[in-house]
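Below you'll find the structure, written out as structure tokens, and then a few comments.
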Amino acid sequence: MKMGKINNIMSELSVNHLLGIKYLTKQDIQLIFETADHFKEVINRPIKKVPSLRDITIANLFFENSTRTKLSFELAEKRLSADVINFSASQSSVKKGETLIDTVNNILSMKVDMVVMRHPNPGAGIFLSKHINASIINAGDGAHEHPTQALLDSYSIREKLGTVKGKNVVIVGDVLHSRVALSNIFALQLQGAKVMVCGPKTLIPKYIDKLGIKVETNLRKALEWCDVANMLRVQNERMDISYFPSTREYAQQFGVTKELLNSLDKEITIMHPGPINRGVEITSDVADSDQAIILDQVENGVAIRMAVIYLLASKIK
Amino acid sequence: MNVLIKSATILDSKSDFHNQTQDILIEKGIITNISKRISNPNNYKEIKLDNLHVSQGWFDSSVSFGEPGYEERETIVNGLKTAGKSGYTSVALNANTNPVLDTNADIAFVKSKAQNHAVSLYPIGALTKNSDSKDLAELFDMTNAGAVAFGDYKKSISNPNLMKIALQYASTFNGLVCSFPQDNNIAGHGVMNEGITSTTVGLKGIPAISEELQVARDLFILEYTEGRLHIPTISTAKSVALIREAKKKKLDITCSVAIHNLFFNDEALTDFDTNFKVSPPLRTNDDIEALIDGLKDGTIDMVTSDHNPLDIELKKVEFDYAKNGTIGLESAFGALNSILSTKTVIKLLTKGKERFGIDNNTISIGNKANITLFNPDVSYTFTKNDVVSKSRNSIFENQTLKGKAYGIIANKKIIL
């Protein structure tokens, strides 16, 4: 496999899989960001493609619905010239018959080198990594981790504010059901940022303060404290009961409006992993304002995923 | 069966030979002589083992063998062999079967499978028909067939009125009701203890309060009904405190703790290893401390392996889908003896019998031989080679344990 010139200036990742941020080192994140810088330049060229991974085949296994993450991965893979196969299955159809290991081994028998997997169960990627022989990228496992999202979030903060270190970042909303929150907390702490979570008590895990983060239930106070607010989507589909009476009431307490932002004595950066429920987590005028870097996050997502795939592929013997 | 046990250290506080190293002669299943040196003119089988200790036969108040219905997990015959090899002379069998043991005939069936075995099997009948928490099963009829207690294994009784009726009804014939301590509304879809570990691994938590609410509720109902209640496998500090208070009030309450809940905390789940998925879940170090205090002051009456063989298909899956449970008979003594003194361990392993109406036989001349043989000092790494069960889902795999059972002599038979 051709490594290209960027291999000269970098070492390699400490891991063979990307299962979660908590398995990475600070140096790993640094390496991914520097590699992503290169790929971000690539995808802004007229010819947005490099031939680096022509001999690599990647399977995207999505055991849970996804649109944007799947598109982003597929685009990243194609821009690295990897061969790509896609497999989507609802949770129930797999549950009925074949085990996860059998499903994946069947696909690997067709000579696949790398697996990108989204799965509803926490730890599914870790479980798989113990039983199969391929490099695995976790594209979201239940409420556990979504490492590429956290990487692209930090990368976007770095791009906007120059550095992540020392910044105050608040994660607002449904932390309880969120893999994005957990991966972000790990990634931000690793890079020296301070983290706060803000939301109704019912959507904040009871013991989360033990991770060394602040917990706040008043959105205004949270916004006054932070440099960046990462607004999470309310994941109604993951809730077995109602954790708050209505989205109207949720928006009253935890929705960011332009008025609220204007009333702060500083300009904070607004992020959102998408898809946005306009008028719930943030109003349209906030989402479309200059303070929001939501679409930059999407663009950076492709560069970050290219970097991760490229770096892991370079470790495949 | 005639056998001569050579130089065994007797650990039996009720025996005149407690803490003494003696020869023990057993003829036709009866202890006929205990003294320093017994000759063997009749050429009986001699048992001479390294660092041999003997005690009254051990009892486990919560084991599952699968049969009928889950024979792929374990059969009664191999389950009893496992128990014997692990030092147990009697086990209480959960209604963790398919169909559940909820009639006289079901109890008779499992009893018949265990006939003529060295290990005695004492079935726990289901408390409700089909264990579906609606109507009481025929408890009196099952008692007549040999059931020693009634419980729906790990299914808790959500309806307090049903628990009230169960305790009242069973008390008319002195029946013992077992109530699994978990409020399912609060436990929800939880798969491990709620705490910092569940937060970092993203697994849904089962809060300690889900157990404590159920324990508190059952104790209130017990006080009202004046029945007989056994709470199997408590796991939290507050459960210990609640039961301690209930005992002060002289309520007719006993409880047990699973050995793995004393040995591991919830940090064991960091790697999503499904062998650590058990119910009740592994809790925190504070809970473990409180449980051990509860054992020492008598609040907790007995320990159990909570032995639950599960075949690999039920464990080698994503964590959320894996079934709760671990085998535990084989590792029980070694694990317990690693964290408590041998004297305490023997007390705990023999103490529960009375509650379930099972005879205690002290090691004295003239008594029936119901004896466990063991070495309390051997240290070893527990591996799959130590497993006798058909299933190998052991939470203790690769742990260093201290102490190993050699086997048993009971019901005129020897398992070594």
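Lettering and numbering for the structure tokens are positional, with chains as A, B, ... in the shown order, residues counted from 1 in each chain, and ligands counted from 1 in the shown order.
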Practice prompt. Pick out the chain A residues within 10 Å of chain B. Count only C-alpha atoms. Give them as number ranges by chain.
Written response: A: 20, 22, 95, 99-101, 119-128, 131, 141-145, 176-179, 182-183, 186, 205-211, 240
Save the residues we just selected, N, CA and C atoms, as an mmCIF file, in the first residue's frame?
```
data_model
loop_
_atom_site.group_PDB
_atom_site.id
_atom_site.type_symbol
_atom_site.label_atom_id
_atom_site.label_comp_id
_atom_site.auth_asym_id
_atom_site.auth_seq_id
_atom_site.Cartn_x
_atom_site.Cartn_y
_atom_site.Cartn_z
ATOM 1 N N GLY A 20 -13.187 3.479 20.718
ATOM 2 C CA GLY A 20 -13.691 4.550 21.568
ATOM 3 C C GLY A 20 -12.569 5.521 21.843
ATOM 4 N N LYS A 22 -11.780 6.574 24.688
ATOM 5 C CA LYS A 22 -11.072 6.244 25.916
ATOM 6 C C LYS A 22 -9.912 5.280 25.701
ATOM 7 N N LYS A 95 -31.208 -10.272 15.285
ATOM 8 C CA LYS A 95 -31.513 -10.925 16.552
ATOM 9 C C LYS A 95 -32.226 -12.260 16.342
ATOM 10 N N THR A 99 -25.846 -14.846 14.552
ATOM 11 C CA THR A 99 -25.183 -14.047 15.577
ATOM 12 C C THR A 99 -24.337 -12.982 14.892
ATOM 13 N N LEU A 100 -23.969 -11.982 15.666
ATOM 14 C CA LEU A 100 -23.164 -10.885 15.122
ATOM 15 C C LEU A 100 -21.827 -11.413 14.584
ATOM 16 N N ILE A 101 -21.216 -12.319 15.340
ATOM 17 C CA ILE A 101 -19.908 -12.846 14.922
ATOM 18 C C ILE A 101 -20.043 -13.575 13.589
ATOM 19 N N HIS A 119 -23.906 0.009 15.872
ATOM 20 C CA HIS A 119 -24.662 -1.063 16.512
ATOM 21 C C HIS A 119 -25.422 -0.502 17.715
ATOM 22 N N PRO A 120 -26.625 -0.997 17.970
ATOM 23 C CA PRO A 120 -27.399 -0.444 19.089
ATOM 24 C C PRO A 120 -26.858 -0.817 20.470
ATOM 25 N N ASN A 121 -25.990 -1.824 20.563
ATOM 26 C CA ASN A 121 -25.551 -2.285 21.883
ATOM 27 C C ASN A 121 -24.196 -1.724 22.289
ATOM 28 N N PRO A 122 -24.105 -1.152 23.484
ATOM 29 C CA PRO A 122 -22.809 -0.690 23.978
ATOM 30 C C PRO A 122 -21.808 -1.848 23.995
ATOM 31 N N GLY A 123 -20.594 -1.586 23.555
ATOM 32 C CA GLY A 123 -19.561 -2.610 23.611
ATOM 33 C C GLY A 123 -19.557 -3.568 22.428
ATOM 34 N N ALA A 124 -20.460 -3.377 21.468
ATOM 35 C CA ALA A 124 -20.546 -4.331 20.353
ATOM 36 C C ALA A 124 -19.226 -4.370 19.569
ATOM 37 N N GLY A 125 -18.614 -3.229 19.372
ATOM 38 C CA GLY A 125 -17.350 -3.190 18.638
ATOM 39 C C GLY A 125 -16.228 -3.877 19.399
ATOM 40 N N ILE A 126 -16.207 -3.674 20.692
ATOM 41 C CA ILE A 126 -15.179 -4.292 21.542
ATOM 42 C C ILE A 126 -15.358 -5.804 21.539
ATOM 43 N N PHE A 127 -16.603 -6.223 21.657
ATOM 44 C CA PHE A 127 -16.935 -7.652 21.599
ATOM 45 C C PHE A 127 -16.447 -8.250 20.280
ATOM 46 N N LEU A 128 -16.738 -7.548 19.193
ATOM 47 C CA LEU A 128 -16.365 -8.051 17.879
ATOM 48 C C LEU A 128 -14.838 -8.114 17.731
ATOM 49 N N HIS A 131 -13.219 -11.268 18.664
ATOM 50 C CA HIS A 131 -13.596 -12.525 18.011
ATOM 51 C C HIS A 131 -13.369 -12.557 16.507
ATOM 52 N N ASP A 141 -21.908 2.877 19.216
ATOM 53 C CA ASP A 141 -22.410 1.638 19.831
ATOM 54 C C ASP A 141 -23.290 2.001 21.019
ATOM 55 N N GLY A 142 -24.567 1.980 20.778
ATOM 56 C CA GLY A 142 -25.542 2.283 21.831
ATOM 57 C C GLY A 142 -25.235 3.624 22.463
ATOM 58 N N ALA A 143 -25.305 3.668 23.795
ATOM 59 C CA ALA A 143 -25.027 4.920 24.507
ATOM 60 C C ALA A 143 -23.572 4.969 24.957
ATOM 61 N N HIS A 144 -22.723 4.181 24.332
ATOM 62 C CA HIS A 144 -21.326 4.099 24.745
ATOM 63 C C HIS A 144 -20.492 5.185 24.069
ATOM 64 N N GLU A 145 -19.998 4.913 22.859
ATOM 65 C CA GLU A 145 -19.106 5.882 22.231
ATOM 66 C C GLU A 145 -19.440 6.105 20.752
ATOM 67 N N LEU A 176 -27.981 11.320 28.812
ATOM 68 C CA LEU A 176 -28.246 9.943 29.246
ATOM 69 C C LEU A 176 -28.237 8.947 28.088
ATOM 70 N N HIS A 177 -28.837 9.332 26.979
ATOM 71 C CA HIS A 177 -28.944 8.389 25.865
ATOM 72 C C HIS A 177 -27.891 8.631 24.801
ATOM 73 N N SER A 178 -26.889 9.474 25.131
ATOM 74 C CA SER A 178 -25.999 9.943 24.084
ATOM 75 C C SER A 178 -24.617 9.315 24.114
ATOM 76 N N ARG A 179 -24.205 8.749 22.992
ATOM 77 C CA ARG A 179 -22.831 8.273 22.840
ATOM 78 C C ARG A 179 -21.920 9.432 22.469
ATOM 79 N N LEU A 182 -20.553 11.144 25.708
ATOM 80 C CA LEU A 182 -19.496 10.416 26.404
ATOM 81 C C LEU A 182 -18.169 10.514 25.648
ATOM 82 N N SER A 183 -18.209 10.295 24.334
ATOM 83 C CA SER A 183 -16.980 10.393 23.549
ATOM 84 C C SER A 183 -16.419 11.805 23.595
ATOM 85 N N PHE A 186 -14.629 12.423 26.963
ATOM 86 C CA PHE A 186 -13.298 11.799 26.987
ATOM 87 C C PHE A 186 -12.312 12.585 26.107
ATOM 88 N N PRO A 205 -26.902 11.387 33.517
ATOM 89 C CA PRO A 205 -26.601 10.207 34.340
ATOM 90 C C PRO A 205 -26.210 10.618 35.764
ATOM 91 N N LYS A 206 -26.758 9.920 36.736
ATOM 92 C CA LYS A 206 -26.613 10.284 38.141
ATOM 93 C C LYS A 206 -25.152 10.429 38.578
ATOM 94 N N TYR A 207 -24.285 9.588 38.047
ATOM 95 C CA TYR A 207 -22.905 9.565 38.546
ATOM 96 C C TYR A 207 -21.915 10.278 37.625
ATOM 97 N N ILE A 208 -22.426 11.064 36.660
ATOM 98 C CA ILE A 208 -21.530 11.600 35.635
ATOM 99 C C ILE A 208 -20.524 12.610 36.190
ATOM 100 N N ASP A 209 -20.867 13.266 37.309
ATOM 101 C CA ASP A 209 -19.918 14.233 37.885
ATOM 102 C C ASP A 209 -18.621 13.557 38.305
ATOM 103 N N LYS A 210 -18.691 12.248 38.551
ATOM 104 C CA LYS A 210 -17.479 11.524 38.958
ATOM 105 C C LYS A 210 -16.465 11.407 37.824
ATOM 106 N N LEU A 211 -16.880 11.764 36.616
ATOM 107 C CA LEU A 211 -15.912 11.807 35.518
ATOM 108 C C LEU A 211 -15.089 13.097 35.583
ATOM 109 N N ASP A 240 -37.601 4.906 26.791
ATOM 110 C CA ASP A 240 -38.669 3.950 27.057
ATOM 111 C C ASP A 240 -39.851 4.629 27.747
#
```
Fill in: In segment 68-258 of chain A, DSSP helix (DSSP H, G or I) residues written as a ChimeraX atom specification
/A:68-79,91-96,100-108,124-131,147-161,179-190,201-203,208-211,219-225,236-238,247-254,258
Worksheet item: Skipping near chain neighbours, those fewer than 5 positions away, what residues fall within 9 Å of Lys48 of chain B using only C-alpha atoms, listed as a PyMOL selection string?
Response: chain B and resi 4-8
Any chance you could export the current selection's all heavy atoms as a PDB file, in the first residue's frame?
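Ended up saving to out34.pdb:
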```pdb
ATOM      1  N   LEU B   4     -12.324 -45.801  55.553  1.00  0.00           N
ATOM      2  CA  LEU B   4     -11.539 -45.281  56.663  1.00  0.00           C
ATOM      3  C   LEU B   4     -10.818 -44.018  56.198  1.00  0.00           C
ATOM      4  O   LEU B   4     -10.023 -44.052  55.260  1.00  0.00           O
ATOM      5  CB  LEU B   4     -10.514 -46.335  57.122  1.00  0.00           C
ATOM      6  CG  LEU B   4      -9.558 -45.891  58.228  1.00  0.00           C
ATOM      7  CD1 LEU B   4     -10.308 -45.516  59.508  1.00  0.00           C
ATOM      8  CD2 LEU B   4      -8.532 -46.988  58.512  1.00  0.00           C
ATOM      9  N   ILE B   5     -11.169 -42.889  56.830  1.00  0.00           N
ATOM     10  CA  ILE B   5     -10.502 -41.626  56.496  1.00  0.00           C
ATOM     11  C   ILE B   5      -9.306 -41.469  57.427  1.00  0.00           C
ATOM     12  O   ILE B   5      -9.449 -41.535  58.651  1.00  0.00           O
ATOM     13  CB  ILE B   5     -11.463 -40.428  56.682  1.00  0.00           C
ATOM     14  CG1 ILE B   5     -12.731 -40.623  55.831  1.00  0.00           C
ATOM     15  CG2 ILE B   5     -10.776 -39.124  56.294  1.00  0.00           C
ATOM     16  CD1 ILE B   5     -13.805 -39.583  56.086  1.00  0.00           C
ATOM     17  N   LYS B   6      -8.122 -41.297  56.836  1.00  0.00           N
ATOM     18  CA  LYS B   6      -6.905 -41.206  57.652  1.00  0.00           C
ATOM     19  C   LYS B   6      -6.539 -39.747  57.909  1.00  0.00           C
ATOM     20  O   LYS B   6      -6.601 -38.905  57.006  1.00  0.00           O
ATOM     21  CB  LYS B   6      -5.739 -41.905  56.928  1.00  0.00           C
ATOM     22  CG  LYS B   6      -5.942 -43.398  56.687  1.00  0.00           C
ATOM     23  CD  LYS B   6      -6.027 -44.189  57.988  1.00  0.00           C
ATOM     24  CE  LYS B   6      -4.658 -44.351  58.643  1.00  0.00           C
ATOM     25  NZ  LYS B   6      -4.782 -45.150  59.912  1.00  0.00           N
ATOM     26  N   SER B   7      -6.144 -39.506  59.118  1.00  0.00           N
ATOM     27  CA  SER B   7      -5.704 -38.192  59.626  1.00  0.00           C
ATOM     28  C   SER B   7      -6.341 -36.983  58.948  1.00  0.00           C
ATOM     29  O   SER B   7      -5.725 -36.309  58.137  1.00  0.00           O
ATOM     30  CB  SER B   7      -4.184 -38.061  59.628  1.00  0.00           C
ATOM     31  OG  SER B   7      -3.648 -38.457  58.420  1.00  0.00           O
ATOM     32  N   ALA B   8      -7.588 -36.773  59.335  1.00  0.00           N
ATOM     33  CA  ALA B   8      -8.340 -35.621  58.829  1.00  0.00           C
ATOM     34  C   ALA B   8      -8.544 -34.631  59.971  1.00  0.00           C
ATOM     35  O   ALA B   8      -8.896 -35.023  61.084  1.00  0.00           O
ATOM     36  CB  ALA B   8      -9.690 -36.070  58.289  1.00  0.00           C
TER      37      ALA B   8
END
```
Discussion item. For Gly227 of chain B, find every residue with an atom within 9 Å (counting only C-alpha atoms), except residues of its own chain fewer than 2 positions away, and show them as a list in words.
Written reply: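 Contacts, in chain order: Lys164, Ala166, Leu167, Gln168, Tyr169, Ala170, Ser171, Thr172, Asn174, Gly175, Leu176, Val177, Ile221, Leu222, Glu223, Tyr224, Thr225, Leu229, Leu251, Asp252 and Ile253 of chain B.
Between atom CA of Trp58 of chain B and atom CA of Asn337 of chain B the separation is 13.7 Å.
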Discussion item. Just the number, please: distance in Å from atom CA of Gly301 of chain A to atom CA of Val104 of chain A, one decimal.
Written reply: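 Straight-line distance from atom CA of Gly301 of chain A to atom CA of Val104 of chain A works out to 25.3 Å.
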Discussion item. Using only C-alpha atoms, can you tell me which of B:Phe150, B:Phe263, B:Phe109, B:Phe333 comes closest to Ile231 of chain B?
Written reply: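 So, comparing all the options, the nearest one is B:Phe150.
What separates atom CA of Ala36 of chain A from atom CA of Glu159 of chain A is a distance of 11.4 Å.
Residues of segment 189-368 of chain B assigned to strand (DSSP E or B) by DSSP on this structure's backbone: Met192, Asn193, Gly205, Ile206, Leu229, His230, Ile231, Ile253, Thr254, Cys255, Ser256, Val257, Ala258, Met302, Val303, Thr304, His307, Thr326, Ile327 and Lys368 of chain B.
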Next, write the just-selected residues to a file, as a PDB file, in the first residue's frame, keeping C-alpha atoms as the atom set.
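Result file follows (again_39.pdb):
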```pdb
ATOM      1  CA  MET B 192     -25.328  -3.769  35.313  1.00  0.00           C
ATOM      2  CA  ASN B 193     -25.006  -1.754  38.500  1.00  0.00           C
ATOM      3  CA  GLY B 205     -27.740   0.786  35.034  1.00  0.00           C
ATOM      4  CA  ILE B 206     -29.710  -1.077  37.674  1.00  0.00           C
ATOM      5  CA  LEU B 229     -39.526 -15.130  54.087  1.00  0.00           C
ATOM      6  CA  HIS B 230     -36.169 -15.843  52.502  1.00  0.00           C
ATOM      7  CA  ILE B 231     -34.579 -13.176  50.311  1.00  0.00           C
ATOM      8  CA  ILE B 253     -36.512 -13.480  57.729  1.00  0.00           C
ATOM      9  CA  THR B 254     -33.369 -15.016  56.267  1.00  0.00           C
ATOM     10  CA  CYS B 255     -31.274 -13.965  53.320  1.00  0.00           C
ATOM     11  CA  SER B 256     -28.303 -15.049  51.274  1.00  0.00           C
ATOM     12  CA  VAL B 257     -25.575 -13.462  49.214  1.00  0.00           C
ATOM     13  CA  ALA B 258     -23.985 -14.815  46.060  1.00  0.00           C
ATOM     14  CA  MET B 302     -25.917 -18.049  54.137  1.00  0.00           C
ATOM     15  CA  VAL B 303     -23.825 -17.781  51.008  1.00  0.00           C
ATOM     16  CA  THR B 304     -24.714 -19.330  47.686  1.00  0.00           C
ATOM     17  CA  HIS B 307     -24.893 -21.676  40.195  1.00  0.00           C
ATOM     18  CA  THR B 326     -22.481 -17.849  36.182  1.00  0.00           C
ATOM     19  CA  ILE B 327     -21.619 -21.339  37.270  1.00  0.00           C
ATOM     20  CA  LYS B 368     -24.881 -40.635  59.585  1.00  0.00           C
TER      21      LYS B 368
END
```
Discussion item. Excluding Val378 of chain B and its own-chain neighbours fewer than 2 positions away, which residues fall within 10 Å of it when counting only C-alpha atoms? Please give them as a list of chain:residue names.
Written reply: B:Asp50, B:Asn51, B:Gly334, B:Phe374, B:Asn375, B:Pro376, B:Tyr380, B:Leu401, B:Lys402, B:Gly403, B:Lys404, B:Ala405
Worksheet item: Using only C-alpha atoms, which residues sit within 8 Å of Ala193 of chain A once same-chain residues fewer than 3 positions away are excluded, as an MDAnalysis selection string?
Response: chainID A and resid 164:169 188:190
Prev. selection, all heavy atoms, output as a compact mmCIF listing (two decimals), in the first residue's frame:
```
# COMPACT_ATOMS: atom_id res chain seq x y z
N VAL A 164 -8.07 23.42 21.56
CA VAL A 164 -9.11 22.87 22.43
C VAL A 164 -8.70 23.07 23.88
O VAL A 164 -9.53 23.29 24.76
CB VAL A 164 -9.32 21.37 22.12
CG1 VAL A 164 -10.33 20.76 23.07
CG2 VAL A 164 -9.76 21.18 20.67
N LYS A 165 -7.40 23.06 24.09
CA LYS A 165 -6.86 23.15 25.44
C LYS A 165 -7.34 24.42 26.15
O LYS A 165 -7.28 25.51 25.59
CB LYS A 165 -5.34 23.14 25.37
CG LYS A 165 -4.68 22.93 26.70
CD LYS A 165 -3.18 22.81 26.57
CE LYS A 165 -2.58 22.69 27.97
NZ LYS A 165 -1.14 22.56 27.95
N GLY A 166 -7.82 24.25 27.37
CA GLY A 166 -8.21 25.40 28.16
C GLY A 166 -9.59 25.95 27.87
O GLY A 166 -10.06 26.86 28.57
N LYS A 167 -10.24 25.42 26.84
CA LYS A 167 -11.58 25.94 26.51
C LYS A 167 -12.63 25.32 27.44
O LYS A 167 -12.48 24.21 27.93
CB LYS A 167 -11.94 25.61 25.06
CG LYS A 167 -10.99 26.22 24.04
CD LYS A 167 -11.00 27.74 24.09
CE LYS A 167 -9.95 28.32 23.15
NZ LYS A 167 -9.52 29.67 23.55
N ASN A 168 -13.71 26.09 27.62
CA ASN A 168 -14.85 25.59 28.39
C ASN A 168 -15.93 25.12 27.42
O ASN A 168 -16.43 25.92 26.62
CB ASN A 168 -15.42 26.70 29.27
CG ASN A 168 -14.47 27.05 30.42
OD1 ASN A 168 -13.50 26.33 30.66
ND2 ASN A 168 -14.75 28.15 31.09
N VAL A 169 -16.27 23.87 27.50
CA VAL A 169 -17.26 23.32 26.57
C VAL A 169 -18.43 22.75 27.35
O VAL A 169 -18.24 21.95 28.28
CB VAL A 169 -16.64 22.20 25.70
CG1 VAL A 169 -17.66 21.65 24.71
CG2 VAL A 169 -15.40 22.70 24.96
N LEU A 188 -12.43 15.75 24.99
CA LEU A 188 -12.15 17.10 25.46
C LEU A 188 -11.23 17.09 26.67
O LEU A 188 -10.29 17.88 26.77
CB LEU A 188 -13.46 17.83 25.78
CG LEU A 188 -14.35 18.13 24.57
CD1 LEU A 188 -15.77 18.49 25.01
CD2 LEU A 188 -13.75 19.25 23.72
N GLN A 189 -11.49 16.16 27.58
CA GLN A 189 -10.64 16.08 28.78
C GLN A 189 -9.21 15.70 28.40
O GLN A 189 -8.25 16.23 28.96
CB GLN A 189 -11.22 15.06 29.77
CG GLN A 189 -12.44 15.59 30.50
CD GLN A 189 -12.96 14.65 31.56
OE1 GLN A 189 -12.85 13.43 31.41
NE2 GLN A 189 -13.54 15.18 32.62
N LEU A 190 -9.09 14.78 27.44
CA LEU A 190 -7.77 14.34 27.01
C LEU A 190 -6.96 15.51 26.45
O LEU A 190 -5.74 15.58 26.58
CB LEU A 190 -7.95 13.24 25.95
CG LEU A 190 -6.80 12.28 25.69
CD1 LEU A 190 -6.35 11.60 26.97
CD2 LEU A 190 -7.24 11.21 24.67
```
Discussion item. Set the distance at 6 Å and use only C-alpha atoms: which residues neighbour segment 355-365 of chain B once local chain neighbours fewer than 3 positions away are removed? I'd like the list as a PyMOL selection string.
Written reply: chain B and resi 15+31-33+148+352
Discussion item. Restricting the calculation to only C-alpha atoms: of B:Gly294, B:Gly325, B:Pro309, B:Gly66, which residue gets closest to Pro280 of chain B?
Written reply: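 Checking each candidate against Pro280 of chain B, we get B:Gly325 as the closest.
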